[in-house]
>>> print(open('protein14.json').read())   # JSON, N, CA and C atoms
[["chain", "number", "residue", "atom", "x", "y", "z"],
["A", 1, "MET", "N", 5.95, 4.66, 15.41],
["A", 1, "MET", "CA", 6.61, 4.05, 14.28],
["A", 1, "MET", "C", 8.01, 4.67, 14.18],
["A", 2, "ASP", "N", 9.00, 3.82, 13.99],
["A", 2, "ASP", "CA", 10.35, 4.37, 13.86],
["A", 2, "ASP", "C", 10.57, 4.92, 12.45],
["A", 3, "ALA", "N", 11.58, 5.74, 12.31],
["A", 3, "ALA", "CA", 11.82, 6.45, 11.05],
["A", 3, "ALA", "C", 12.12, 5.50, 9.90],
["A", 4, "ALA", "N", 12.88, 4.44, 10.15],
["A", 4, "ALA", "CA", 13.23, 3.51, 9.08],
["A", 4, "ALA", "C", 11.99, 2.80, 8.53],
["A", 5, "LYS", "N", 11.11, 2.39, 9.43],
["A", 5, "LYS", "CA", 9.90, 1.71, 9.00],
["A", 5, "LYS", "C", 9.00, 2.68, 8.23],
["A", 6, "GLY", "N", 8.89, 3.89, 8.72],
["A", 6, "GLY", "CA", 8.09, 4.91, 8.04],
["A", 6, "GLY", "C", 8.61, 5.22, 6.66],
["A", 7, "GLU", "N", 9.92, 5.26, 6.51],
["A", 7, "GLU", "CA", 10.52, 5.52, 5.20],
["A", 7, "GLU", "C", 10.23, 4.37, 4.23],
["A", 8, "ARG", "N", 10.24, 3.15, 4.71],
["A", 8, "ARG", "CA", 9.93, 2.01, 3.84],
["A", 8, "ARG", "C", 8.49, 2.09, 3.34],
["A", 9, "TYR", "N", 7.57, 2.43, 4.26],
["A", 9, "TYR", "CA", 6.17, 2.58, 3.87],
["A", 9, "TYR", "C", 6.00, 3.72, 2.87],
["A", 10, "ALA", "N", 6.65, 4.84, 3.13],
["A", 10, "ALA", "CA", 6.55, 6.00, 2.24],
["A", 10, "ALA", "C", 7.08, 5.67, 0.86],
["A", 11, "ARG", "N", 8.16, 4.93, 0.79],
["A", 11, "ARG", "CA", 8.75, 4.54, -0.50],
["A", 11, "ARG", "C", 7.76, 3.69, -1.29],
["A", 12, "ILE", "N", 7.06, 2.79, -0.60],
["A", 12, "ILE", "CA", 6.08, 1.94, -1.27],
["A", 12, "ILE", "C", 4.92, 2.76, -1.80],
["A", 13, "PHE", "N", 4.41, 3.70, -0.99],
["A", 13, "PHE", "CA", 3.30, 4.54, -1.44],
["A", 13, "PHE", "C", 3.73, 5.42, -2.62],
["A", 14, "ARG", "N", 4.95, 5.95, -2.59],
["A", 14, "ARG", "CA", 5.43, 6.76, -3.71],
["A", 14, "ARG", "C", 5.55, 5.93, -4.98],
["A", 15, "LYS", "N", 6.06, 4.71, -4.83],
["A", 15, "LYS", "CA", 6.21, 3.83, -5.99],
["A", 15, "LYS", "C", 4.83, 3.51, -6.59],
["A", 16, "ALA", "N", 3.87, 3.22, -5.73],
["A", 16, "ALA", "CA", 2.51, 2.93, -6.21],
["A", 16, "ALA", "C", 1.93, 4.17, -6.89],
["A", 17, "GLY", "N", 2.18, 5.34, -6.32],
["A", 17, "GLY", "CA", 1.69, 6.57, -6.92],
["A", 17, "GLY", "C", 2.26, 6.82, -8.30],
["A", 18, "THR", "N", 3.51, 6.46, -8.49],
["A", 18, "THR", "CA", 4.13, 6.60, -9.81],
["A", 18, "THR", "C", 3.43, 5.72, -10.83],
["A", 19, "PHE", "N", 3.12, 4.50, -10.44],
["A", 19, "PHE", "CA", 2.42, 3.60, -11.36],
["A", 19, "PHE", "C", 1.00, 4.09, -11.64],
["A", 20, "ILE", "N", 0.33, 4.63, -10.62],
["A", 20, "ILE", "CA", -1.02, 5.17, -10.83],
["A", 20, "ILE", "C", -0.94, 6.34, -11.82],
["A", 21, "GLY", "N", 0.04, 7.20, -11.63],
["A", 21, "GLY", "CA", 0.21, 8.34, -12.52],
["A", 21, "GLY", "C", 0.45, 7.94, -13.97],
["A", 22, "LYS", "N", 1.07, 6.80, -14.16],
["A", 22, "LYS", "CA", 1.34, 6.29, -15.51],
["A", 22, "LYS", "C", 0.17, 5.47, -16.05],
["A", 23, "GLY", "N", -0.87, 5.29, -15.22],
["A", 23, "GLY", "CA", -2.04, 4.53, -15.65],
["A", 23, "GLY", "C", -1.90, 3.04, -15.50],
["A", 24, "ASN", "N", -0.86, 2.58, -14.81],
["A", 24, "ASN", "CA", -0.63, 1.16, -14.63],
["A", 24, "ASN", "C", -1.19, 0.73, -13.26],
["A", 25, "ILE", "N", -2.50, 0.61, -13.21],
["A", 25, "ILE", "CA", -3.20, 0.31, -11.96],
["A", 25, "ILE", "C", -2.84, -1.08, -11.44],
["A", 26, "ALA", "N", -2.74, -2.04, -12.33],
["A", 26, "ALA", "CA", -2.43, -3.42, -11.91],
["A", 26, "ALA", "C", -1.08, -3.47, -11.19],
["A", 27, "ARG", "N", -0.09, -2.77, -11.70],
["A", 27, "ARG", "CA", 1.24, -2.76, -11.07],
["A", 27, "ARG", "C", 1.18, -2.01, -9.74],
["A", 28, "ALA", "N", 0.40, -0.94, -9.67],
["A", 28, "ALA", "CA", 0.25, -0.20, -8.41],
["A", 28, "ALA", "C", -0.37, -1.09, -7.34],
["A", 29, "ILE", "N", -1.36, -1.86, -7.72],
["A", 29, "ILE", "CA", -2.00, -2.77, -6.76],
["A", 29, "ILE", "C", -1.01, -3.82, -6.29],
["A", 30, "GLU", "N", -0.20, -4.32, -7.19],
["A", 30, "GLU", "CA", 0.83, -5.30, -6.84],
["A", 30, "GLU", "C", 1.80, -4.72, -5.80],
["A", 31, "VAL", "N", 2.23, -3.49, -6.02],
["A", 31, "VAL", "CA", 3.15, -2.83, -5.09],
["A", 31, "VAL", "C", 2.48, -2.63, -3.73],
["A", 32, "LEU", "N", 1.21, -2.20, -3.72],
["A", 32, "LEU", "CA", 0.50, -2.00, -2.46],
["A", 32, "LEU", "C", 0.29, -3.32, -1.72],
["A", 33, "LYS", "N", 0.09, -4.40, -2.44],
["A", 33, "LYS", "CA", -0.02, -5.72, -1.80],
["A", 33, "LYS", "C", 1.29, -6.10, -1.13],
["A", 34, "GLN", "N", 2.41, -5.77, -1.78],
["A", 34, "GLN", "CA", 3.70, -6.02, -1.17],
["A", 34, "GLN", "C", 3.85, -5.20, 0.11],
["A", 35, "GLY", "N", 3.36, -3.97, 0.09],
["A", 35, "GLY", "CA", 3.39, -3.13, 1.28],
["A", 35, "GLY", "C", 2.55, -3.71, 2.40],
["A", 36, "ARG", "N", 1.37, -4.22, 2.05],
["A", 36, "ARG", "CA", 0.51, -4.85, 3.05],
["A", 36, "ARG", "C", 1.20, -6.07, 3.67],
["A", 37, "GLU", "N", 1.86, -6.86, 2.83],
["A", 37, "GLU", "CA", 2.58, -8.03, 3.33],
["A", 37, "GLU", "C", 3.73, -7.61, 4.25],
["A", 38, "LEU", "N", 4.43, -6.54, 3.89],
["A", 38, "LEU", "CA", 5.50, -6.03, 4.74],
["A", 38, "LEU", "C", 4.95, -5.61, 6.09],
["A", 39, "ALA", "N", 3.86, -4.85, 6.08],
["A", 39, "ALA", "CA", 3.26, -4.39, 7.33],
["A", 39, "ALA", "C", 2.81, -5.58, 8.18],
["A", 40, "ASP", "N", 2.22, -6.57, 7.54],
["A", 40, "ASP", "CA", 1.81, -7.78, 8.28],
["A", 40, "ASP", "C", 3.02, -8.47, 8.91],
["A", 41, "SER", "N", 4.10, -8.57, 8.15],
["A", 41, "SER", "CA", 5.29, -9.26, 8.66],
["A", 41, "SER", "C", 5.95, -8.49, 9.81],
["A", 42, "LEU", "N", 5.76, -7.17, 9.81],
["A", 42, "LEU", "CA", 6.31, -6.35, 10.90],
["A", 42, "LEU", "C", 5.34, -6.20, 12.06],
["A", 43, "GLY", "N", 4.16, -6.82, 11.95],
["A", 43, "GLY", "CA", 3.17, -6.76, 13.03],
["A", 43, "GLY", "C", 2.48, -5.41, 13.13],
["A", 44, "ASP", "N", 2.39, -4.69, 12.02],
["A", 44, "ASP", "CA", 1.82, -3.35, 12.00],
["A", 44, "ASP", "C", 0.44, -3.41, 11.35],
["A", 45, "ALA", "N", -0.57, -3.80, 12.13],
["A", 45, "ALA", "CA", -1.92, -4.00, 11.61],
["A", 45, "ALA", "C", -2.52, -2.70, 11.07],
["A", 46, "ARG", "N", -2.20, -1.58, 11.68],
["A", 46, "ARG", "CA", -2.75, -0.30, 11.24],
["A", 46, "ARG", "C", -2.29, 0.04, 9.82],
["A", 47, "MET", "N", -1.02, -0.15, 9.54],
["A", 47, "MET", "CA", -0.50, 0.13, 8.21],
["A", 47, "MET", "C", -0.98, -0.91, 7.20],
["A", 48, "ALA", "N", -1.10, -2.14, 7.62],
["A", 48, "ALA", "CA", -1.64, -3.17, 6.73],
["A", 48, "ALA", "C", -3.05, -2.79, 6.29],
["A", 49, "ARG", "N", -3.83, -2.25, 7.21],
["A", 49, "ARG", "CA", -5.19, -1.81, 6.91],
["A", 49, "ARG", "C", -5.17, -0.63, 5.92],
["A", 50, "ARG", "N", -4.22, 0.29, 6.10],
["A", 50, "ARG", "CA", -4.11, 1.44, 5.19],
["A", 50, "ARG", "C", -3.77, 0.98, 3.78],
["A", 51, "PHE", "N", -2.86, 0.01, 3.67],
["A", 51, "PHE", "CA", -2.53, -0.53, 2.35],
["A", 51, "PHE", "C", -3.77, -1.21, 1.74],
["A", 52, "ALA", "N", -4.49, -1.99, 2.53],
["A", 52, "ALA", "CA", -5.69, -2.68, 2.03],
["A", 52, "ALA", "C", -6.74, -1.66, 1.59],
["A", 53, "ASP", "N", -6.92, -0.59, 2.35],
["A", 53, "ASP", "CA", -7.89, 0.44, 1.98],
["A", 53, "ASP", "C", -7.50, 1.11, 0.67],
["A", 54, "GLU", "N", -6.22, 1.35, 0.48],
["A", 54, "GLU", "CA", -5.75, 1.98, -0.76],
["A", 54, "GLU", "C", -5.94, 1.03, -1.94],
["A", 55, "ILE", "N", -5.71, -0.25, -1.74],
["A", 55, "ILE", "CA", -5.96, -1.25, -2.80],
["A", 55, "ILE", "C", -7.43, -1.21, -3.19],
["A", 56, "ASP", "N", -8.31, -1.20, -2.20],
["A", 56, "ASP", "CA", -9.75, -1.15, -2.48],
["A", 56, "ASP", "C", -10.11, 0.13, -3.22],
["A", 57, "ARG", "N", -9.53, 1.25, -2.81],
["A", 57, "ARG", "CA", -9.87, 2.54, -3.42],
["A", 57, "ARG", "C", -9.49, 2.58, -4.90],
["A", 58, "ILE", "N", -8.28, 2.16, -5.22],
["A", 58, "ILE", "CA", -7.86, 2.28, -6.62],
["A", 58, "ILE", "C", -8.40, 1.17, -7.51],
["A", 59, "SER", "N", -8.85, 0.08, -6.91],
["A", 59, "SER", "CA", -9.42, -1.00, -7.72],
["A", 59, "SER", "C", -10.92, -0.80, -7.92],
["A", 60, "GLY", "N", -11.50, 0.20, -7.24],
["A", 60, "GLY", "CA", -12.91, 0.50, -7.42],
["A", 60, "GLY", "C", -13.84, -0.35, -6.57],
["A", 61, "ARG", "N", -13.27, -1.12, -5.67],
["A", 61, "ARG", "CA", -14.09, -1.95, -4.78],
["A", 61, "ARG", "C", -14.53, -1.12, -3.58],
["A", 62, "PRO", "N", -15.72, -1.43, -3.02],
["A", 62, "PRO", "CA", -16.11, -0.75, -1.80],
["A", 62, "PRO", "C", -15.19, -1.19, -0.66],
["A", 63, "PRO", "N", -14.88, -0.29, 0.28],
["A", 63, "PRO", "CA", -13.99, -0.64, 1.40],
["A", 63, "PRO", "C", -14.54, -1.80, 2.22],
["A", 64, "THR", "N", -13.63, -2.62, 2.71],
["A", 64, "THR", "CA", -14.03, -3.74, 3.57],
["A", 64, "THR", "C", -14.05, -3.27, 5.01],
["A", 65, "ALA", "N", -14.86, -3.92, 5.81],
["A", 65, "ALA", "CA", -15.00, -3.51, 7.21],
["A", 65, "ALA", "C", -13.96, -4.11, 8.10]]
>>> encode(input="protein14.json", output="structure tokens")
Amino acid sequence: MDAAKGERYARIFRKAGTFIGKGNIARAIEVLKQGRELADSLGDARMARRFADEIDRISGRPPTA
């Protein structure tokens, strides 16, 4: 992964973490979905999966296979 792409992903995770810290889970999920869409558009299936797993984790759903 190149540095620019990694920084974009990190920024999204930090932003979601800020919303989680404030108790705004719905907004955090929205941000993570945007991250998943970004990863999909860049052809990065591994990162898209990480975003999906994080969405499942904070929404209380069991992880998907």
>>> atom_distance(input="protein14.json", atom1="CA of Glu30 in chain A", atom2="CA of Ala16 in chain A")
8.4 Å
>>> atom_distance(input="protein14.json", atom1="CA of Gly60 in chain A", atom2="CA of Glu7 in chain A")
27.1 Å
>>> residues_around(input="protein14.json", residues="range 54-58 of chain A", least_positions_apart="2", cutoff="8 Å", atoms="only N, CA and C atoms", output="list in words")
Ile25, Ala28, Ile29, Glu30, Leu32, Lys33, Ala48, Arg49, Arg50, Phe51, Ala52, Gly60, Arg61, Pro62, Pro63 and Thr64 of chain A
>>> atom_distance(input="protein14.json", atom1="CA of Gly35 in chain A", atom2="CA of Gly21 in chain A")
18.2 Å
